[in-house]
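In what follows, a structure is listed as structure tokens, so that the remarks can point back to it.
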Amino acid sequence: MPTLFKFTRGNLPFWLTAAVMAVFLIVFLISPISAPGSGALMTTEFIKQYEMESSYDQRISFLAAVITIALLSAAAFFFGQRRSLIAAGPDTVPAVNLQVSIAFVVVGLIVYWRLIDHWIVKSAAITAFCFLVLVIFAPHIRRRSVDFIALLLIGAYLAVVVIPGFIIRPTSWLVDDPSAIAQVELHINSLVQPGSNIASGQNFFSEIPFGYGVLMPSIMSVIEQRFAPFTVGGHLAFVQFCQFAFLVLGTLAYFFFRPRNYVGIFVALLLAAPYWATTGLGIWHPNQTGFRSLTLPLGILTIAIAGRLPATWAAIVLGTVEMICLLLNPETAVAVGGGIVIYSILRERRIPWMAFTVMAVSAICTLFLYLIVYRLALGRLPFATDIGAILTTFLVHVSGDVGLRLFMKGAWGEGYYIVPVALIMFAHAAYIVIASFQKLGDKALSHRQALKAAIATILIAWFAYFINMPNWWQIWTHLFLYGFLIIDYFDPRLFAIGSGRSPAPQRAEGARRFRVRLTHIVPMFLILVSVFHTNSNLAYFMRDYLSPPWTRINHETGVVSGIQLPRAIADSLIEKSKFLQDLNARNPGKVLYLTYNVEFVPMLTRLFEPAPARSPWGYIQTDKAMDPAIDKMIANKPVAILIDMPTGPLAVEGPRRDFQDRVRKSVGRTYHLAEETNGWQIWRPNTP
């Protein structure tokens with residue numbers, strides 16, 4: 001037993017990874033939940049609505065773990081360079097035979113039977129049995145047949161994921177509850193509507209908060225200016241095309257990563273592709289779609305292709321694509337940039353300053369090209385002169401202290417397997433990075449080895465997003481990235497597929513292929529359970545997209561801006577918008593409206609408010625900011641302020657209503673309620 005802990009070149013990465021996870025857990029346990037002196041990022045009502053809590057301990061433990069990975073990677077490089085460890089020794093994690101593997105799976109299923117929905121456990125058990133049969137009879141199955149079937153399954157599965165969303169028009173709104181409608185409108189307003197805002201003459205930083213990137217809104221503004229104004233349905237269709245783009249780039253990236261491992265690619269798609277659906281919940285929340293995260297497959301695919309190019313051309317391509325990623329979404333682009341840096345270092349076994357210089361020049365040229373093309377297409381740039389708002393936005397986002405707790409059961413018990421999967425993903429990625437730097441001490445890595453380490457680096461960097469908001473909804477991009485790391489677990493060669501029937505070699509080979517390390521069994525088992533969670537969500541939300549629950553009860557419908565809605569809600573939106581248009585026509589530029597219908601009303605009226613008026617719920621950051629924000633909104637002394645009526649088909653409830661009551665109270669300092677009509681409260685100045 002003492003030799004089990006012996007540090008050798010073979011098991012060093014394992015023990016260093018164990019140290020990383022130990023640091024994570026220790027810092028998590030000893031850190032305060034709230035940061036000393038920190039303030040909430042959002043208002044009291046916003047935090048209550050989304051059941052947020054302080055998450056400082058999670059964020060600081062993640063930061064400590066990342067620093068530890070960097071330090072231990074340097075130590076691994078040092079040991080690898082000097083060959084100061086013996087080459088071989090006892091395996092840290094022993095391989096177990098078939099009987100132990102079956103016992104482990106059975107015990108795991110029994111435990112989860114008591115924790116989560118039984119149908120998931122039953123489905124996992126059936127799949128595990130089918131997989132066992134495949135493993136047993138693998139040598140008698142032709143490799144070509146397995147590849148052909150896997151390719152057919154990939155094609156059919158992707159067709160199910162992408163096609164239904166494009167054949168349903170008009171799109172039926174997902175929900176009919178006013179508060180849920182406001183939730184969806186908030187997300188579309190924040191991500192997709194800026195394209196229409198820019199086309200109307202607004203700019204980033206001054207009227208439009210800078211958050212998710214400028215390239216997508218820029219493309220949309222040019223489309224709107226050159227062709228026709230978007231409708232709300234058009235906004236959703238653009239999100240669907242972004243999902244399709246993610247699916248194409250993501251699938252290509254998998255194929256470039258492991259060209260012949262079709263079984264592994266299919267498993268990776270089963271895990272992550274349900275979130276790429278054109279009928280998924282993400283269509284209504286574009287921050288969880290390719291609209292925001294297209295940088296991830298684009299960056300990985302670019303690294304995979306650039307590795308096959310001459311060095312100078314590779315640097316030019318990587319620099320160009322990194323700038324495109326920054327324009328698409330700065331958050332994910334930072335993670336992709338980290339992957340590019342690690343890939344370059346591992347391939348050349350030094351810091352390639354010349355390559356980085358070429359990348360920087362290429363990136364700057366790409367930025368100028370974007371500015372020139374956009375200027376020619378739209379006639380102006382979409383930015384205000386005061387770009388200091390970038391720093392303000394950054395400081396606001398990093399100074400908050402709210403999120404979701406890591407170790408939570410979740411609504412359906414999904415925390416029992418989502419959280420372990422997340423921690424395993426992080427540990428697995430850390431292991432790959434540390435092991436890669438140990439190998440780097442001996443020699444430069446091959447393209448495939450460096451690419452795998454680059455993807456692991458991207459996963460580690462992007463894990464910062466999940467650690468502050470850990471739930472099933474925030475993990476989909478990480479599952480996509482982890483797909484690259486698990487593809488090799490399902491390589492047909494590991495199961496001796498098509499190896500033939502020769503007796504003696506077959507017995508030895510069979511004995512080997514029936515032995516599996518626990519470090520492989522645990523993630524494979526958790527992936528087995530998670531696959532049914534992700535695909536049940538695909539089926540559930542696809543059904544609700546094609547036939548929302550309200551359509552099964554209320555068949556009185558109306559179409560508003562390309563969207564089918566319950567008749568009462570559709571009529572109310574039209575009335576509100578018509579009244580606002582008429583009032584503004586009589587008082588041009590002197591009417592302020594504050595509504596939760598932040599997507600429908602501006603798109604119907606083409607009256608786009610600047611922030612924070614465009615969405616007070618989303619852009620008033622703290623309780624103390626309420627009165628200053630209202631003062632900013634009424635600085636030009638509007639003749640009327642319209643606020644949603646507290647009753648009617650579009651009246652919200654709960655924390656949203658409490659927030660709106662505070663807005664009314666703040667407005668009431670200098671305005672008074674004059675009348676209620678057409679879904680609006682009309683507030684007039686206290687003095688002429």
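A note on labels: chains of the structure tokens are A, B, ... as shown, every chain counts residues from 1, and ligands are counted from 1 in their shown order.
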
Which residues are near A:Gln193? Cut-off 10 Å, only C-alpha atoms, ignore same chain within fewer than 6 positions. Put them as a ChimeraX atom specification. /A:185-187,208,217,220-221,230-232,235,598-599,602-603,608

Emit the selected residues as a short mmCIF file (atom, residue, chain, number, x, y, z; two decimals), in the first residue's frame, including C-alpha atoms.
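Final file, again-v2.cif:
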```cif
data_model
loop_
_atom_site.label_atom_id
_atom_site.label_comp_id
_atom_site.auth_asym_id
_atom_site.auth_seq_id
_atom_site.Cartn_x
_atom_site.Cartn_y
_atom_site.Cartn_z
CA GLU A 185 -38.95 39.49 -23.30
CA LEU A 186 -36.14 40.57 -20.97
CA HIS A 187 -33.70 38.12 -22.55
CA ILE A 208 -27.37 50.31 -25.45
CA PRO A 217 -26.21 43.17 -33.39
CA MET A 220 -28.73 42.39 -37.63
CA SER A 221 -28.66 46.19 -37.97
CA PHE A 230 -37.18 42.76 -37.97
CA THR A 231 -40.29 41.55 -36.22
CA VAL A 232 -40.28 39.74 -32.89
CA HIS A 235 -35.61 38.05 -33.86
CA VAL A 598 -39.59 45.33 -23.43
CA GLU A 599 -39.57 43.35 -26.67
CA PRO A 602 -40.65 48.82 -28.83
CA MET A 603 -40.77 46.46 -31.83
CA PHE A 608 -36.63 52.47 -28.64
#
```

Among stretch 440-629 of chain A, which residues does DSSP mark as alpha helix (DSSP H) when it is run on the backbone? Keep the chain and numbering as in the structure and answer as a PyMOL selection string. chain A and resi 440+447-468+476-486+503-513+518-546+567-586+600-605+616-619+626-629

Using only C-alpha atoms, which of A:Leu404, A:Ala22, A:Ile340, A:Leu98 sits nearest A:Arg517? A:Leu98

Restricting the calculation to only C-alpha atoms, which member of A:Tyr596, A:Tyr262, A:Tyr545, A:Phe24 is positioned closest to A:Ile154?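 That would be A:Tyr262, the residue with the smallest distance to A:Ile154.
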
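The shell of residues at most 9 Å from stretch 462-474 of chain A, with only C-alpha atoms counted and near chain neighbours (fewer than 5 positions) removed, consists of A:Met52, A:Ser55, A:Tyr56, A:Gln58, A:Arg59, A:Phe62, A:Leu63, A:Gln288, A:Glu331, A:Thr332, A:Val334, A:Ala335, A:Val336, A:Val402, A:Gly403, A:Leu404, A:Arg405, A:Leu406, A:Phe407, A:Met408, A:Gly410, A:Glu414, A:Gly415, A:Ile418, A:Val419, A:Ala422, A:Phe426, A:Thr457, A:Thr534.
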
Written file, previous selection with N, CA and C atoms, as a tab-separated table (two decimals), in the first residue's frame:
```
chain	number	residue	atom	x	y	z
A	52	MET	N	-31.52	34.02	-5.81
A	52	MET	CA	-30.06	34.10	-5.78
A	52	MET	C	-29.55	34.25	-4.35
A	55	SER	N	-22.29	34.04	-3.36
A	55	SER	CA	-21.50	32.92	-3.89
A	55	SER	C	-20.01	33.24	-3.89
A	56	TYR	N	-19.57	34.08	-2.99
A	56	TYR	CA	-18.17	34.45	-2.93
A	56	TYR	C	-17.27	33.24	-2.69
A	58	GLN	N	-17.65	30.19	-3.59
A	58	GLN	CA	-17.49	29.39	-4.80
A	58	GLN	C	-16.50	30.06	-5.76
A	59	ARG	N	-16.65	31.36	-5.93
A	59	ARG	CA	-15.80	32.06	-6.88
A	59	ARG	C	-14.35	32.10	-6.42
A	62	PHE	N	-12.74	28.66	-6.80
A	62	PHE	CA	-12.42	28.41	-8.21
A	62	PHE	C	-11.14	29.15	-8.59
A	63	LEU	N	-11.03	30.42	-8.18
A	63	LEU	CA	-9.82	31.19	-8.49
A	63	LEU	C	-8.59	30.53	-7.88
A	288	GLN	N	-28.33	31.64	-23.85
A	288	GLN	CA	-27.99	30.22	-23.73
A	288	GLN	C	-28.06	29.53	-25.09
A	331	GLU	N	-16.67	37.42	-23.34
A	331	GLU	CA	-16.51	36.46	-22.24
A	331	GLU	C	-15.94	35.14	-22.73
A	332	THR	N	-16.62	34.54	-23.71
A	332	THR	CA	-16.15	33.26	-24.23
A	332	THR	C	-14.86	33.42	-25.02
A	334	VAL	N	-12.33	35.25	-24.26
A	334	VAL	CA	-11.20	35.19	-23.33
A	334	VAL	C	-10.78	33.74	-23.11
A	335	ALA	N	-11.78	32.87	-22.94
A	335	ALA	CA	-11.48	31.45	-22.75
A	335	ALA	C	-10.83	30.86	-24.00
A	336	VAL	N	-11.37	31.19	-25.18
A	336	VAL	CA	-10.79	30.70	-26.43
A	336	VAL	C	-9.36	31.21	-26.59
A	402	VAL	N	-23.81	37.90	-5.93
A	402	VAL	CA	-24.98	37.03	-5.94
A	402	VAL	C	-24.82	35.97	-7.01
A	403	GLY	N	-25.43	34.83	-6.77
A	403	GLY	CA	-25.40	33.73	-7.72
A	403	GLY	C	-26.27	32.61	-7.21
A	404	LEU	N	-25.97	31.40	-7.62
A	404	LEU	CA	-26.68	30.21	-7.13
A	404	LEU	C	-25.69	29.34	-6.38
A	405	ARG	N	-26.19	28.57	-5.43
A	405	ARG	CA	-25.33	27.72	-4.62
A	405	ARG	C	-24.96	26.45	-5.40
A	406	LEU	N	-23.74	26.00	-5.17
A	406	LEU	CA	-23.21	24.86	-5.92
A	406	LEU	C	-23.88	23.55	-5.53
A	407	PHE	N	-23.92	23.27	-4.25
A	407	PHE	CA	-24.42	21.97	-3.79
A	407	PHE	C	-25.90	22.09	-3.44
A	408	MET	N	-26.73	22.13	-4.48
A	408	MET	CA	-28.16	22.23	-4.33
A	408	MET	C	-28.82	21.04	-5.03
A	410	GLY	N	-31.78	20.96	-6.59
A	410	GLY	CA	-32.43	21.31	-7.85
A	410	GLY	C	-33.88	20.90	-7.85
A	414	GLU	N	-31.72	17.14	-10.11
A	414	GLU	CA	-30.63	17.10	-11.08
A	414	GLU	C	-29.28	17.50	-10.49
A	415	GLY	N	-29.31	18.21	-9.35
A	415	GLY	CA	-28.05	18.57	-8.72
A	415	GLY	C	-27.24	17.38	-8.27
A	418	ILE	N	-25.67	16.61	-11.93
A	418	ILE	CA	-25.10	17.74	-12.66
A	418	ILE	C	-23.86	18.28	-11.95
A	419	VAL	N	-23.94	18.44	-10.63
A	419	VAL	CA	-22.80	18.97	-9.88
A	419	VAL	C	-21.61	18.00	-9.92
A	422	ALA	N	-20.04	18.34	-13.26
A	422	ALA	CA	-19.30	19.60	-13.39
A	422	ALA	C	-17.94	19.50	-12.72
A	426	PHE	N	-14.16	19.60	-14.49
A	426	PHE	CA	-13.09	20.51	-14.09
A	426	PHE	C	-11.82	19.74	-13.73
A	457	THR	N	-8.06	23.76	-21.47
A	457	THR	CA	-7.83	25.11	-20.96
A	457	THR	C	-9.07	25.99	-21.13
A	534	THR	N	-30.55	15.58	-20.45
A	534	THR	CA	-30.49	16.54	-21.55
A	534	THR	C	-31.48	16.19	-22.65
```

Could you name the residues that touch A:Leu247 at 12 Å or less, counting only C-alpha atoms, but leaving out those on the same chain fewer than 6 positions away, as a count of residues only? 30

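Proximity to A:Leu115 was assessed for A:Arg143, A:Arg448, A:Arg684, A:Lys409 counting only C-alpha atoms; the smallest distance is recorded for A:Lys409.
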
Looking only at the backbone, which of the residues in stretch 84-332 of chain A does DSSP tag as strand (DSSP E or B), as an NGL selection string? :A and (95-96 or 171-172 or 204 or 208)

Print the selection's residues with C-alpha atoms to a file, as a PDB file, in the first residue's frame.
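The new file selection.pdb reads:
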```pdb
ATOM      1  CA  ALA A  95      -8.172  -1.231 -13.325  1.00  0.00           C
ATOM      2  CA  VAL A  96     -11.081  -3.464 -12.332  1.00  0.00           C
ATOM      3  CA  THR A 171     -44.089  30.768 -33.818  1.00  0.00           C
ATOM      4  CA  SER A 172     -46.381  30.358 -30.836  1.00  0.00           C
ATOM      5  CA  PHE A 204     -23.537  50.995 -27.804  1.00  0.00           C
ATOM      6  CA  ILE A 208     -27.371  50.307 -25.448  1.00  0.00           C
TER       7      ILE A 208
END
```

Using only C-alpha atoms, which residues of stretch 135-245 of chain A come within 8 Å of stretch 355-378 of chain A, and what is the closest atom pair for each, with the distance in Å to one decimal? Give it as CSV, sorted by chain and residue number.
```
residue,atom,partner,partner_atom,distance
A:Ser218,CA,A:Tyr374,CA,7.6
A:Ser221,CA,A:Leu378,CA,7.9
A:Val222,CA,A:Leu378,CA,6.1
A:Gln225,CA,A:Leu378,CA,7.3
```

Restricting it to C-alpha atoms, dump the selection as a CSV table (one decimal), in the first residue's frame.
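Output file out-v3.csv is given in full below:
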```
chain,number,residue,atom,x,y,z
A,218,SER,CA,-24.1,44.8,-36.1
A,221,SER,CA,-28.7,46.2,-38.0
A,222,VAL,CA,-27.3,45.9,-41.5
A,225,GLN,CA,-31.3,48.7,-42.8
```

So which one's closest to A:Leu381, A:Val214, A:Leu174, A:Leu326, A:Val263? Using only C-alpha atoms, please.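 Smallest separation from A:Leu381 among the options: A:Val214.
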
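Nearest residue to A:Ile219, choosing from A:Pro382, A:Pro259, A:Ala182, A:Ile102 and counting only C-alpha atoms: A:Pro382.
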